[in-house]
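Here is run_7.txt, consisting of compact mmCIF, C-alpha atoms:
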```
# COMPACT_ATOMS: atom_id res chain seq x y z
CA GLY B 1 12.45 30.23 -15.03
CA SER B 2 15.11 32.04 -13.09
CA THR B 3 14.27 32.89 -9.51
CA GLY B 4 15.62 36.12 -8.20
CA SER B 5 18.48 38.19 -9.39
CA CYS B 6 21.93 37.28 -10.45
CA ALA B 7 24.65 36.86 -7.84
CA ARG B 8 28.06 37.91 -9.05
CA ALA B 9 30.71 35.33 -8.29
CA VAL B 10 33.75 33.65 -9.77
CA VAL B 11 32.80 30.02 -10.53
CA LEU B 12 35.62 27.66 -9.54
CA LEU B 13 36.33 23.94 -9.75
CA TYR B 14 38.72 22.18 -7.40
CA ASP B 15 41.66 20.62 -9.22
CA ASP B 16 42.51 17.51 -7.19
CA THR B 17 45.78 16.92 -9.00
CA HIS B 18 47.24 20.32 -8.24
CA LYS B 19 45.23 20.86 -5.04
CA GLN B 20 43.99 24.28 -6.07
CA TRP B 21 40.89 26.08 -7.30
CA VAL B 22 40.75 26.84 -11.03
CA ALA B 23 38.29 28.90 -13.06
CA ALA B 24 35.41 26.81 -14.40
CA GLY B 25 35.47 26.91 -18.20
CA GLY B 26 39.20 27.70 -18.18
CA GLY B 27 40.93 31.02 -18.60
CA PRO B 28 41.27 33.79 -16.02
CA GLN B 29 39.07 34.03 -12.93
CA THR B 30 36.39 36.47 -14.06
CA LEU B 31 32.97 37.15 -12.58
CA SER B 32 29.93 35.19 -13.66
CA CYS B 33 26.24 35.82 -13.12
CA VAL B 34 25.02 32.86 -11.06
CA GLN B 35 21.30 32.13 -10.82
CA LEU B 36 19.05 29.55 -9.29
CA TYR B 37 16.63 28.12 -11.86
CA HIS B 38 13.40 26.35 -10.97
CA HIS B 39 11.62 23.82 -13.19
CA PRO B 40 8.08 23.87 -11.74
CA GLY B 41 6.95 20.74 -13.60
CA ALA B 42 9.67 18.57 -12.12
CA ASN B 43 9.93 20.71 -8.97
CA ALA B 44 13.65 20.64 -9.66
CA PHE B 45 16.26 23.35 -9.20
CA ARG B 46 19.60 23.92 -10.86
CA LEU B 47 22.44 26.38 -10.54
CA VAL B 48 23.46 28.14 -13.72
CA GLY B 49 26.44 30.46 -14.09
CA ARG B 50 27.28 32.53 -17.15
CA LYS B 51 30.39 34.66 -17.60
CA MET B 52 29.60 38.36 -17.49
CA GLN B 53 31.52 38.82 -20.72
CA PRO B 54 29.90 39.37 -24.14
CA ASP B 55 29.98 35.66 -25.06
CA GLN B 56 28.15 34.72 -21.80
CA GLN B 57 29.86 31.34 -21.70
CA VAL B 58 28.00 28.91 -19.44
CA VAL B 59 30.51 27.77 -16.82
CA LEU B 60 28.09 26.21 -14.34
CA ASN B 61 25.00 24.09 -14.97
CA CYS B 62 24.46 21.86 -11.98
CA PRO B 63 21.28 20.21 -10.72
CA LEU B 64 20.54 20.63 -7.01
CA GLY B 65 20.21 16.94 -6.28
CA ARG B 66 19.06 15.16 -3.15
CA GLY B 67 21.63 15.14 -0.41
CA LEU B 68 23.71 17.93 -1.94
CA ARG B 69 25.52 19.71 0.89
CA TYR B 70 25.92 23.40 0.21
CA SER B 71 28.65 24.65 2.47
CA GLN B 72 29.35 28.28 3.34
CA ALA B 73 33.07 28.00 4.01
CA THR B 74 33.35 31.78 4.53
CA PRO B 75 30.84 34.61 4.08
CA GLN B 76 32.20 35.12 0.55
CA PHE B 77 33.19 31.59 -0.46
CA HIS B 78 30.70 28.73 -0.80
CA GLN B 79 31.29 25.21 -2.10
CA TRP B 80 29.52 21.92 -2.82
CA ARG B 81 30.26 18.51 -4.33
CA GLU B 82 28.51 17.15 -7.38
CA ALA B 83 29.42 13.64 -8.54
CA ARG B 84 33.24 13.74 -8.64
CA ARG B 85 33.54 17.50 -8.89
CA VAL B 86 33.82 20.13 -6.20
CA TRP B 87 32.43 23.52 -7.17
CA GLY B 88 33.26 26.82 -5.51
CA LEU B 89 31.69 30.27 -5.71
CA SER B 90 33.80 33.26 -4.80
CA PHE B 91 31.33 36.13 -4.40
CA GLY B 92 32.06 39.77 -5.00
CA ALA B 93 30.60 40.70 -1.61
CA PRO B 94 29.06 38.97 1.43
CA HIS B 95 25.78 40.83 0.89
CA GLU B 96 25.43 39.03 -2.46
CA ALA B 97 26.48 35.67 -1.07
CA ALA B 98 24.06 35.52 1.88
CA PRO B 99 20.74 35.80 -0.01
CA PHE B 100 22.03 33.42 -2.68
CA ALA B 101 22.93 30.80 -0.07
CA ALA B 102 19.54 31.27 1.59
CA ALA B 103 17.78 30.64 -1.74
CA VAL B 104 19.86 27.52 -2.42
CA LEU B 105 19.23 26.09 1.05
CA ARG B 106 15.50 26.80 0.68
CA ALA B 107 15.49 25.02 -2.71
CA LEU B 108 17.28 22.01 -1.21
CA ARG B 109 14.64 21.76 1.51
CA VAL B 110 11.84 21.90 -1.08
CA GLY B 111 13.52 19.18 -3.14
CA ASP B 112 13.73 16.85 -0.15
CA ARG B 113 9.99 16.58 0.28
```
Let me see the structure of the file written as structure tokens.
Amino acid sequence: GSTGSCARAVVLLYDDTHKQWVAAGGGPQTLSCVQLYHHPGANAFRLVGRKMQPDQQVVLNCPLGRGLRYSQATPQFHQWREARRVWGLSFGAPHEAAPFAAAVLRALRVGDR
């Protein structure tokens, strides 16, 4: 199930070719509801982001794997690498970003045991 509330952020992917951040799922950069999900059986976590629009398009569904480095580039912009992709989260406000980052870092510690 989902742990904790939804953090509002724009989910971005880094476009290596054009050296710029683009909206995950295409289209304009609109806010998504990003949540940390926990699968107790597997003791695995994943990050899931859904657009806050009526269609609730899933733009982020990323397992928190071993060795994933979650980096808080600024208080409102966080990023990490998964396989060949670099994801970014541009939060609406630092007070939403901080508890989200804390939850992710806690989940990464749990997964390392």
*Using all atoms listed in the file, which of B:Leu68, B:Arg81, B:Ala93, B:Ala107 sits nearest Tyr37 (chain B)?*
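Checking each of B:Leu68, B:Arg81, B:Ala93, B:Ala107 against Tyr37 (chain B), counting all atoms listed in the file, the winner is B:Ala107.
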*Have a look at CA of Arg84 (chain B) and CA of Gln53 (chain B) and let me know their distance in Å, one decimal.*
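A separation of 27.9 Å between them.
We find CA of Pro63 (chain B) and CA of Asp15 (chain B) to be spaced 20.4 Å apart.
Note that the spacing between CA of Gln76 (chain B) and CA of Val110 (chain B) amounts to 24.3 Å.
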*Is there a way to get, as a list of chain:residue names, all residues within 9 Å of the point (31.1, 37.4, 3.0) in file coordinates, counting all atoms listed in the file?*
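Protein, DNA and RNA residues close to (31.1, 37.4, 3.0): B:Thr74, B:Pro75, B:Gln76, B:Phe77, B:Phe91, B:Gly92, B:Ala93, B:Pro94, B:His95, B:Glu96, B:Ala97, B:Ala98.
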_Please determine, counting all atoms listed in the file, which residue among B:Leu64, B:Leu47, B:Val34, B:Ala83 has the shortest atom-to-atom distance to Val10 (chain B)._
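Of all the options, B:Val34 lies closest to Val10 (chain B).
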*asked:* Using all atoms listed in the file for the distances, tell me which of B:Lys51, B:Arg85, B:Arg106, B:Arg69 is nearest to Val11 (chain B).
replied: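 So, comparing all the options, the nearest one is B:Lys51.
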_List as a PyMOL selection string the residues having at least one atom at most 9 Å from position (24.8, 23.4, -0.5) as given in the file, counting only C-alpha atoms._
chain B and resi 64+67-72+78-81+101+104-105+108
*asked:* Taking only C-alpha atoms into account, name the residue in B:Ala73, B:Leu31, B:Val58, B:Gly26 that is nearest to Leu13 (chain B).
replied: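 Closest to Leu13 (chain B), using only C-alpha atoms: B:Gly26.
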_B:Val86, B:Cys6, B:Val59, B:Leu12 ranked by distance to Cys33 (chain B), top pick (using all atoms listed in the file)_ = B:Cys6
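The closest residue to Arg50 (chain B), picked from B:Thr17, B:Pro99, B:Ser32, B:Gly88 and counting only C-alpha atoms, is B:Ser32.
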